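Have a look at query.cif; it's mmCIF, C-alpha atoms and all ligand atoms; chains and numbers go by the auth columns:
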data_entry
#
loop_
_atom_site.group_PDB
_atom_site.id
_atom_site.type_symbol
_atom_site.label_atom_id
_atom_site.label_comp_id
_atom_site.label_asym_id
_atom_site.label_seq_id
_atom_site.Cartn_x
_atom_site.Cartn_y
_atom_site.Cartn_z
_atom_site.B_iso_or_equiv
_atom_site.auth_seq_id
_atom_site.auth_asym_id
ATOM 1 C CA MET A 1 0.000 0.000 0.000 0.00 33 A
ATOM 2 C CA LYS A 2 2.748 2.403 0.997 0.00 34 A
ATOM 3 C CA VAL A 3 4.792 1.390 -2.031 0.00 35 A
ATOM 4 C CA LEU A 4 1.850 1.852 -4.354 0.00 36 A
ATOM 5 C CA PHE A 5 1.159 5.222 -2.866 0.00 37 A
ATOM 6 C CA LEU A 6 4.773 6.290 -3.360 0.00 38 A
ATOM 7 C CA LEU A 7 4.758 5.064 -6.942 0.00 39 A
ATOM 8 C CA GLY A 8 1.574 6.966 -7.553 0.00 40 A
ATOM 9 C CA PHE A 9 3.115 10.015 -6.039 0.00 41 A
ATOM 10 C CA LEU A 10 6.114 9.809 -8.345 0.00 42 A
ATOM 11 C CA PHE A 11 4.173 9.254 -11.537 0.00 43 A
ATOM 12 C CA PHE A 12 1.018 11.239 -10.929 0.00 44 A
ATOM 13 C CA PRO A 13 2.004 13.924 -8.477 0.00 45 A
ATOM 14 C CA MET A 14 -0.866 16.196 -9.494 0.00 46 A
ATOM 15 C CA THR A 15 -3.690 13.710 -9.280 0.00 47 A
ATOM 16 C CA VAL A 16 -2.958 11.637 -6.196 0.00 48 A
ATOM 17 C CA HIS A 17 -3.876 14.340 -3.727 0.00 49 A
ATOM 18 C CA GLY A 18 -6.635 16.067 -5.536 0.00 50 A
ATOM 19 C CA VAL A 19 -8.555 16.402 -8.671 0.00 51 A
ATOM 20 C CA ARG A 20 -7.163 19.554 -10.173 0.00 52 A
ATOM 21 C CA MET A 21 -4.267 18.836 -12.524 0.00 53 A
ATOM 22 C CA SER A 22 -1.606 21.380 -13.281 0.00 54 A
ATOM 23 C CA ARG A 23 -1.884 22.932 -16.711 0.00 55 A
ATOM 24 C CA CYS A 24 1.419 21.446 -17.884 0.00 56 A
ATOM 25 C CA ALA A 25 0.784 17.975 -16.450 0.00 57 A
ATOM 26 C CA PHE A 26 -2.512 17.987 -18.294 0.00 58 A
ATOM 27 C CA ALA A 27 -0.814 19.057 -21.533 0.00 59 A
ATOM 28 C CA ARG A 28 1.766 16.273 -21.262 0.00 60 A
ATOM 29 C CA ARG A 29 -0.821 13.659 -20.410 0.00 61 A
ATOM 30 C CA ILE A 30 -3.157 14.403 -23.310 0.00 62 A
ATOM 31 C CA ARG A 31 -0.197 14.653 -25.684 0.00 63 A
ATOM 32 C CA ASP A 32 0.872 11.174 -24.560 0.00 64 A
ATOM 33 C CA LEU A 33 -2.687 9.986 -25.236 0.00 65 A
ATOM 34 C CA GLY A 34 -2.477 11.272 -28.799 0.00 66 A
ATOM 35 C CA LEU A 35 -4.443 14.513 -28.744 0.00 67 A
ATOM 36 C CA ASN A 36 -1.730 16.799 -30.123 0.00 68 A
ATOM 37 C CA GLY A 37 -2.639 17.352 -33.759 0.00 69 A
ATOM 38 C CA TYR A 38 -5.579 14.960 -33.605 0.00 70 A
ATOM 39 C CA ARG A 39 -7.897 16.080 -36.421 0.00 71 A
ATOM 40 C CA ARG A 40 -5.456 18.992 -36.868 0.00 72 A
ATOM 41 C CA ILE A 41 -6.293 20.445 -33.480 0.00 73 A
ATOM 42 C CA SER A 42 -3.193 21.604 -31.650 0.00 74 A
ATOM 43 C CA LEU A 43 -2.429 20.845 -28.012 0.00 75 A
ATOM 44 C CA ALA A 44 -2.877 24.491 -26.988 0.00 76 A
ATOM 45 C CA ASN A 45 -6.507 24.337 -28.112 0.00 77 A
ATOM 46 C CA TRP A 46 -7.185 21.420 -25.785 0.00 78 A
ATOM 47 C CA VAL A 47 -5.448 23.093 -22.871 0.00 79 A
ATOM 48 C CA CYS A 48 -7.449 26.265 -23.454 0.00 80 A
ATOM 49 C CA LEU A 49 -10.659 24.230 -23.736 0.00 81 A
ATOM 50 C CA ALA A 50 -10.052 22.357 -20.470 0.00 82 A
ATOM 51 C CA ARG A 51 -9.047 25.569 -18.708 0.00 83 A
ATOM 52 C CA TRP A 52 -12.409 27.117 -19.462 0.00 84 A
ATOM 53 C CA GLU A 53 -14.591 24.012 -19.269 0.00 85 A
ATOM 54 C CA SER A 54 -13.337 22.546 -15.978 0.00 86 A
ATOM 55 C CA ASN A 55 -10.280 24.513 -14.856 0.00 87 A
ATOM 56 C CA PHE A 56 -8.410 21.178 -15.122 0.00 88 A
ATOM 57 C CA ASN A 57 -10.619 19.495 -12.538 0.00 89 A
ATOM 58 C CA THR A 58 -10.832 15.813 -13.514 0.00 90 A
ATOM 59 C CA THR A 59 -13.909 15.271 -11.342 0.00 91 A
ATOM 60 C CA ALA A 60 -15.859 18.400 -12.267 0.00 92 A
ATOM 61 C CA THR A 61 -19.566 17.762 -12.785 0.00 93 A
ATOM 62 C CA ASN A 62 -22.181 20.324 -13.729 0.00 94 A
ATOM 63 C CA TYR A 63 -25.901 19.694 -13.955 0.00 95 A
ATOM 64 C CA ASN A 64 -27.922 21.306 -16.754 0.00 96 A
ATOM 65 C CA ALA A 65 -31.416 21.782 -15.356 0.00 97 A
ATOM 66 C CA TRP A 66 -32.996 22.648 -18.710 0.00 98 A
ATOM 67 C CA ASP A 67 -32.506 19.151 -20.169 0.00 99 A
ATOM 68 C CA ARG A 68 -31.573 17.287 -16.969 0.00 100 A
ATOM 69 C CA SER A 69 -28.200 16.267 -18.424 0.00 101 A
ATOM 70 C CA THR A 70 -24.839 16.545 -16.675 0.00 102 A
ATOM 71 C CA ASP A 71 -21.400 17.559 -17.970 0.00 103 A
ATOM 72 C CA TYR A 72 -18.586 15.322 -16.772 0.00 104 A
ATOM 73 C CA GLY A 73 -14.901 15.695 -16.165 0.00 105 A
ATOM 74 C CA ILE A 74 -12.004 17.723 -17.420 0.00 106 A
ATOM 75 C CA PHE A 75 -13.634 18.170 -20.850 0.00 107 A
ATOM 76 C CA GLN A 76 -17.162 18.561 -19.436 0.00 108 A
ATOM 77 C CA ILE A 77 -18.600 15.871 -21.674 0.00 109 A
ATOM 78 C CA ASN A 78 -22.394 15.827 -21.800 0.00 110 A
ATOM 79 C CA SER A 79 -24.523 12.856 -20.727 0.00 111 A
ATOM 80 C CA ARG A 80 -27.317 13.583 -23.202 0.00 112 A
ATOM 81 C CA TYR A 81 -25.135 12.577 -26.131 0.00 113 A
ATOM 82 C CA TRP A 82 -21.908 10.932 -25.031 0.00 114 A
ATOM 83 C CA CYS A 83 -22.035 8.850 -21.847 0.00 115 A
ATOM 84 C CA ASP A 84 -24.432 6.919 -19.649 0.00 116 A
ATOM 85 C CA ASP A 85 -25.239 8.031 -16.109 0.00 117 A
ATOM 86 C CA ASP A 86 -28.588 6.204 -15.734 0.00 118 A
ATOM 87 C CA LYS A 87 -30.478 9.431 -15.125 0.00 119 A
ATOM 88 C CA THR A 88 -30.383 11.595 -18.246 0.00 120 A
ATOM 89 C CA PRO A 89 -33.553 11.571 -20.367 0.00 121 A
ATOM 90 C CA HIS A 90 -33.178 10.523 -24.031 0.00 122 A
ATOM 91 C CA ALA A 91 -29.462 9.814 -23.618 0.00 123 A
ATOM 92 C CA THR A 92 -27.598 8.248 -26.546 0.00 124 A
ATOM 93 C CA ASN A 93 -24.146 7.348 -25.076 0.00 125 A
ATOM 94 C CA GLY A 94 -22.127 8.117 -28.233 0.00 126 A
ATOM 95 C CA CYS A 95 -18.839 7.212 -26.559 0.00 127 A
ATOM 96 C CA GLY A 96 -20.110 3.927 -25.101 0.00 128 A
ATOM 97 C CA VAL A 97 -18.892 4.708 -21.575 0.00 129 A
ATOM 98 C CA ARG A 98 -20.202 5.225 -18.094 0.00 130 A
ATOM 99 C CA CYS A 99 -20.076 8.929 -17.312 0.00 131 A
ATOM 100 C CA SER A 100 -18.129 8.121 -14.150 0.00 132 A
ATOM 101 C CA GLN A 101 -15.309 6.763 -16.332 0.00 133 A
ATOM 102 C CA LEU A 102 -14.902 10.277 -17.713 0.00 134 A
ATOM 103 C CA LEU A 103 -13.820 11.387 -14.233 0.00 135 A
ATOM 104 C CA GLU A 104 -10.863 9.019 -13.936 0.00 136 A
ATOM 105 C CA ASP A 105 -7.489 10.554 -13.187 0.00 137 A
ATOM 106 C CA ASN A 106 -5.705 8.703 -15.986 0.00 138 A
ATOM 107 C CA LEU A 107 -7.840 10.548 -18.589 0.00 139 A
ATOM 108 C CA VAL A 108 -7.878 7.523 -20.907 0.00 140 A
ATOM 109 C CA LYS A 109 -11.654 7.366 -21.372 0.00 141 A
ATOM 110 C CA ALA A 110 -12.070 11.136 -21.357 0.00 142 A
ATOM 111 C CA VAL A 111 -9.541 11.522 -24.185 0.00 143 A
ATOM 112 C CA GLU A 112 -11.047 8.643 -26.187 0.00 144 A
ATOM 113 C CA CYS A 113 -14.433 10.275 -25.898 0.00 145 A
ATOM 114 C CA ALA A 114 -13.097 13.744 -26.771 0.00 146 A
ATOM 115 C CA LYS A 115 -11.667 12.217 -29.966 0.00 147 A
ATOM 116 C CA GLN A 116 -15.052 10.716 -30.781 0.00 148 A
ATOM 117 C CA ILE A 117 -16.700 14.092 -30.267 0.00 149 A
ATOM 118 C CA VAL A 118 -14.291 15.933 -32.583 0.00 150 A
ATOM 119 C CA ARG A 119 -14.714 13.237 -35.215 0.00 151 A
ATOM 120 C CA GLN A 120 -18.468 13.779 -35.172 0.00 152 A
ATOM 121 C CA GLN A 121 -18.872 17.455 -34.341 0.00 153 A
ATOM 122 C CA GLY A 122 -15.484 19.135 -34.336 0.00 154 A
ATOM 123 C CA ILE A 123 -14.069 21.159 -31.488 0.00 155 A
ATOM 124 C CA ARG A 124 -16.892 23.668 -31.903 0.00 156 A
ATOM 125 C CA ALA A 125 -19.002 21.234 -29.876 0.00 157 A
ATOM 126 C CA TRP A 126 -17.489 22.922 -26.799 0.00 158 A
ATOM 127 C CA VAL A 127 -18.963 26.287 -25.864 0.00 159 A
ATOM 128 C CA GLY A 128 -15.942 27.007 -23.678 0.00 160 A
ATOM 129 C CA TRP A 129 -13.688 26.636 -26.698 0.00 161 A
ATOM 130 C CA LYS A 130 -15.889 28.837 -28.891 0.00 162 A
ATOM 131 C CA ASN A 131 -16.140 31.548 -26.266 0.00 163 A
ATOM 132 C CA HIS A 132 -12.560 31.637 -25.004 0.00 164 A
ATOM 133 C CA CYS A 133 -10.223 29.916 -27.463 0.00 165 A
ATOM 134 C CA ASP A 134 -11.516 30.281 -31.020 0.00 166 A
ATOM 135 C CA GLY A 135 -9.455 32.942 -32.770 0.00 167 A
ATOM 136 C CA HIS A 136 -7.367 33.703 -29.684 0.00 168 A
ATOM 137 C CA ARG A 137 -3.620 33.493 -29.363 0.00 169 A
ATOM 138 C CA LEU A 138 -3.151 30.244 -27.508 0.00 170 A
ATOM 139 C CA SER A 139 0.606 30.000 -26.920 0.00 171 A
ATOM 140 C CA ARG A 140 0.176 31.148 -23.335 0.00 172 A
ATOM 141 C CA TYR A 141 -1.630 27.914 -22.526 0.00 173 A
ATOM 142 C CA LEU A 142 1.582 25.958 -23.055 0.00 174 A
ATOM 143 C CA HIS A 143 3.895 28.622 -21.697 0.00 175 A
ATOM 144 C CA GLY A 144 6.574 27.213 -19.409 0.00 176 A
ATOM 145 C CA CYS A 145 5.614 23.588 -20.022 0.00 177 A
ATOM 146 C CA ARG A 146 8.372 21.069 -20.695 0.00 178 A
ATOM 147 C CA LEU A 147 6.643 18.966 -23.288 0.00 179 A
HETATM 148 C C1 LIG B . -13.712 19.656 -8.675 0.00 201 B
HETATM 149 O O1 LIG B . -15.037 19.386 -8.956 0.00 201 B
HETATM 150 C C2 LIG B . -15.743 18.742 -7.901 0.00 201 B
HETATM 151 C C3 LIG B . -17.136 18.365 -8.399 0.00 201 B
HETATM 152 O O2 LIG B . -17.779 19.463 -9.028 0.00 201 B
HETATM 153 C C4 LIG B . -15.765 19.677 -6.706 0.00 201 B
HETATM 154 O O3 LIG B . -16.432 19.061 -5.639 0.00 201 B
HETATM 155 C C5 LIG B . -14.341 20.004 -6.309 0.00 201 B
HETATM 156 O O4 LIG B . -14.344 20.933 -5.253 0.00 201 B
HETATM 157 C C6 LIG B . -13.577 20.575 -7.485 0.00 201 B
HETATM 158 N N1 LIG B . -12.167 20.715 -7.095 0.00 201 B
HETATM 159 C C7 LIG B . -11.478 21.835 -7.304 0.00 201 B
HETATM 160 C C8 LIG B . -10.060 21.800 -6.890 0.00 201 B
HETATM 161 O O5 LIG B . -11.968 22.829 -7.810 0.00 201 B
#

Using the file provided, produce a representation of the structure as structure tokens.
Amino acid sequence: MKVLFLLGFLFFPMTVHGVRMSRCAFARRIRDLGLNGYRRISLANWVCLARWESNFNTTATNYNAWDRSTDYGIFQINSRYWCDDDKTPHATNGCGVRCSQLLEDNLVKAVECAKQIVRQQGIRAWVGWKNHCDGHRLSRYLHGCRL
């Protein structure tokens, strides 16, 4: 147990203690999971998107009263279209996952699902990206990161 904890601490220093990842740790992790350049969308776009959607909180959840759906995780993926939480009316589960899997620290399912979303709808699916990232200079989102 102690050994596992120490290993976790070495490899995931940002996620063991809490749910908010550092900006640069997030950038490295999603790059390693193949998001940099995926569908020609640069890493900085994803970092900007996650900054404004969840502020890098892997367990962020936000309920949308108007359609009784919930947005899950670091990319705030919506349960009406993309994941199953057993409580959203007319849900379609486009990513074939439990919504809770989109909250996992390793980001594997969240990134897989984000790829599915951009394949179907493009990055414009995210309001946070449209409002804060589209047409903006994004280099500051990777500033100081050793990638
Ligand atoms: C992350 O989101 C969860 C669920 O919305 C919240 O309880 C928690 O306080 C947030 N953590 C941070 C560091 O903002």

Nearby polymer residues, ligand LIG 201 (chain B), at most 12 Å, only C-alpha atoms and all ligand atoms, as an NGL selection string: :A and (46-47 or 49-54 or 83 or 85-95 or 102-106 or 108 or 132 or 135 or 137)

A:Gly128, A:Gly69, A:Gly167, A:Gly160 ranked by distance to Lys141 in chain A, top pick (using all atoms listed in the file): A:Gly128

Spatial neighbours of Trp114 in chain A, max dist 7 Å, only C-alpha atoms, sep filter under 2 positions, as an NGL selection string: :A and (109-112 or 124-127)

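With CA of Cys145 in chain A on one side and CA of Asp166 in chain A on the other, the separation reads 20.9 Å.
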
Top pick for closest residue to Asp117 in chain A, considering A:His164, A:Arg100, A:Lys147, A:Arg130 and counting only C-alpha atoms: A:Arg130

Separation of CA of Ala157 in chain A from CA of Leu65 in chain A, in Å and rounded to one decimal: 20.4 Å

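In terms of minimum interatomic distance to Asp99 in chain A, A:Ala123 ranks closest within A:Ala76, A:Arg156, A:Val150, A:Ala123, counting all atoms listed in the file.
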
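The smallest atom-to-atom distance between Cys131 in chain A and any of A:Phe58, A:Trp78, A:Tyr113, A:Tyr70, using only C-alpha atoms, is found for A:Tyr113.
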